[in-house]
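J.: Pasting in a structure now, in structure tokens, and then I'll have a few things to ask.
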Amino acid sequence: MTEVWLAFLAGLAGSTHCIGMCGGIVAAIALHAHDANPGARRLILLAYNVGRIGTYTLLGVIAGFMGATLDVLPMKTAATWVFAAANLFVFFAGLASFLRISSFSLFSLESTGGRFFSGVLRWAVSDASLFRAFILGLVLGFLPCGLVYAPLIAGAATGSPLAGGALMAALGLGTLPLLFFFGTASAALSARLRGNLVRLVGLFVALIGFAGLWRVLGKMGYVAKFPLW
């Protein structure tokens with residue numbers, strides 16, 4: 001599905017934002033695992049990221065399931081318009097990020113809710129291990145993040161738990177390379193380049209919304225079905 005590839009590209013381009021939110025957490029895990037050898041530290045960091053991506057996938061499945069419950073026969077017409085409106089929202093949120101309209105951008109949707117996760121962070125880094133890092137990733141996958149919100153809405157608009165989970169898994173996998181190798185590749189990025197990558201995230205998210213909207217309108221017969229579906 002086109003939206004899945006676009007979600008992966010959005011995650012890849014949005015990795016620098018993930019560094020801003022999770023870079024300190026990754027650094028803390030690595031710091032408190034100083035007694036482990038380099039291979040073990042990498043496994044601990046991988047466990048954290050697997051947990052985080054697992055939560056994204058689960059959220060996508062739940063969102064897709066919620067969308068599927070709307071897509072039943074008595075509500076099929078109404079559900080179709082709800083899906084169209086959801087994809088339209090995703091499109092405009094992404095476009096606002098691309099055009100740097102801060103009041104409606106992806107990251108204006110975030111809050112300061114992260115402070116509620118400090119307890120599990122302290123627990124995880126007090127004795128860094130594969131299990132604790134994995135649990136930390138699972139929990140911190142719920143951190144308020146604009147990069148997650150819009151694709152999650154698009155996942156609900158698929159009306160399919162499988163498609164919703166695949167979309168969110170692709171987003172998480174896109175964020176993995178830079179976040180996993182944080183401290184080397186990320187240090188080479190200038191502030192200007194990071195700003196441009198945030199705009200690129202907006203473009204990919206807008207394309208996710210556009211592709212989803214086209215798919216819904218194609219099912220309704222308003223436009224020709226896109227050849228990639």
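Residue names in the structure tokens use chain letters A, B, ... in the order shown, residue numbers from 1 in each chain, and ligand numbers from 1 in the order shown.
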Set the distance at 10 Å and use only C-alpha atoms: which residues neighbour Gly67 of chain A once local chain neighbours fewer than 6 positions away are removed? I'd like the list as a compact mmCIF listing (two decimals) with N, CA and C atoms, in the first residue's frame.
T.:
```txt
# COMPACT_ATOMS: atom_id res chain seq x y z
N VAL A 61 -2.88 -0.96 14.91
CA VAL A 61 -3.87 -2.03 14.85
C VAL A 61 -5.17 -1.59 15.52
N ALA A 79 -19.29 6.26 7.41
CA ALA A 79 -17.90 5.90 7.68
C ALA A 79 -16.99 6.36 6.55
N THR A 80 -17.46 6.25 5.32
CA THR A 80 -16.65 6.67 4.17
C THR A 80 -16.32 8.14 4.25
N VAL A 82 -16.28 9.89 7.03
CA VAL A 82 -15.38 10.06 8.18
C VAL A 82 -13.94 9.77 7.77
N PHE A 83 -13.74 8.70 6.99
CA PHE A 83 -12.41 8.35 6.51
C PHE A 83 -11.86 9.45 5.61
N ILE A 153 -4.01 8.68 12.69
CA ILE A 153 -5.33 9.01 12.14
C ILE A 153 -5.50 8.39 10.76
N ALA A 154 -4.42 8.44 9.97
CA ALA A 154 -4.46 7.81 8.65
C ALA A 154 -4.65 6.30 8.79
N GLY A 155 -4.04 5.70 9.84
CA GLY A 155 -4.22 4.28 10.10
C GLY A 155 -5.66 3.94 10.40
N ALA A 156 -6.33 4.78 11.19
CA ALA A 156 -7.75 4.57 11.47
C ALA A 156 -8.58 4.69 10.19
N ALA A 157 -8.17 5.61 9.33
CA ALA A 157 -8.91 5.85 8.09
C ALA A 157 -8.77 4.71 7.09
N THR A 158 -7.83 3.79 7.31
CA THR A 158 -7.73 2.63 6.42
C THR A 158 -8.90 1.68 6.64
N GLY A 159 -9.49 1.74 7.84
CA GLY A 159 -10.59 0.84 8.15
C GLY A 159 -10.15 -0.61 8.26
N SER A 160 -8.86 -0.84 8.51
CA SER A 160 -8.33 -2.20 8.57
C SER A 160 -7.26 -2.29 9.66
N PRO A 161 -7.40 -3.21 10.63
CA PRO A 161 -6.37 -3.37 11.66
C PRO A 161 -5.01 -3.73 11.05
N GLY A 164 -3.63 -0.61 9.29
CA GLY A 164 -3.26 0.38 10.30
C GLY A 164 -1.98 -0.01 11.02
```
J.: Compile the contact shell of Ala47 of chain A as a ChimeraX atom specification: residues with an atom at most 6 Å away, counting only C-alpha atoms, same-chain residues fewer than 6 positions apart removed.
T.: /A:130,133-134
J.: Excluding Trp5 of chain A and any residue of its chain fewer than 3 positions from it, enumerate the residues within 10 Å of it, using only C-alpha atoms, and give them as a list of chain:residue names.
T.: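 In the requested format, the answer is A:Met1, A:Thr2, A:Phe8, A:Leu9, A:Ala10, A:Gly11, A:Ala166, A:Leu167, A:Ala170, A:Leu171, A:Gly174, A:Phe204, A:Ile208.
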J.: At what distance in Å, to one decimal, does atom CA of Met168 of chain A lie from atom CA of Val148 of chain A?
T.: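 Distance between the two atoms: 8.0 Å.
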J.: Here is a test: counting only C-alpha atoms, which residue of A:Val139, A:Leu200, A:Ile101, A:Leu162 is nearest to Gly119 of chain A?
T.: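 Ranking A:Val139, A:Leu200, A:Ile101, A:Leu162 by distance to Gly119 of chain A, first place goes to A:Val139.
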J.: Have a look at atom CA of Tyr56 of chain A and atom CA of Phe181 of chain A and let me know their distance in Å, one decimal.
T.: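 A separation of 19.9 Å between them.
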J.: Skip segment 90-94 of chain A itself and residues of its chain fewer than 5 positions away, then list as a PyMOL selection string all residues within 8 Å of it, counting only C-alpha atoms.
T.: chain A and resi 104-106+150-151+153-154+201-210
J.: If we count only C-alpha atoms, what is near Leu213 of chain A at a cut-off of 7 Å, once residues fewer than 2 positions away on the same chain are taken out, given as a ChimeraX atom specification?
T.: /A:84,87-88,209-211,215-217
J.: Give me, please, the distance in Å between atom CA of Ala124 of chain A and atom CA of Phe142 of chain A, quoted to one decimal.
T.: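 That distance, rounded to one decimal, is 15.9 Å.
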J.: Smallest atom-to-atom distance to Leu136 of chain A: which of A:Val50, A:Ala96, A:Val120, A:Tyr149, using only C-alpha atoms?
T.: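 Residue with the minimum atom-to-atom distance to Leu136 of chain A: A:Val120.
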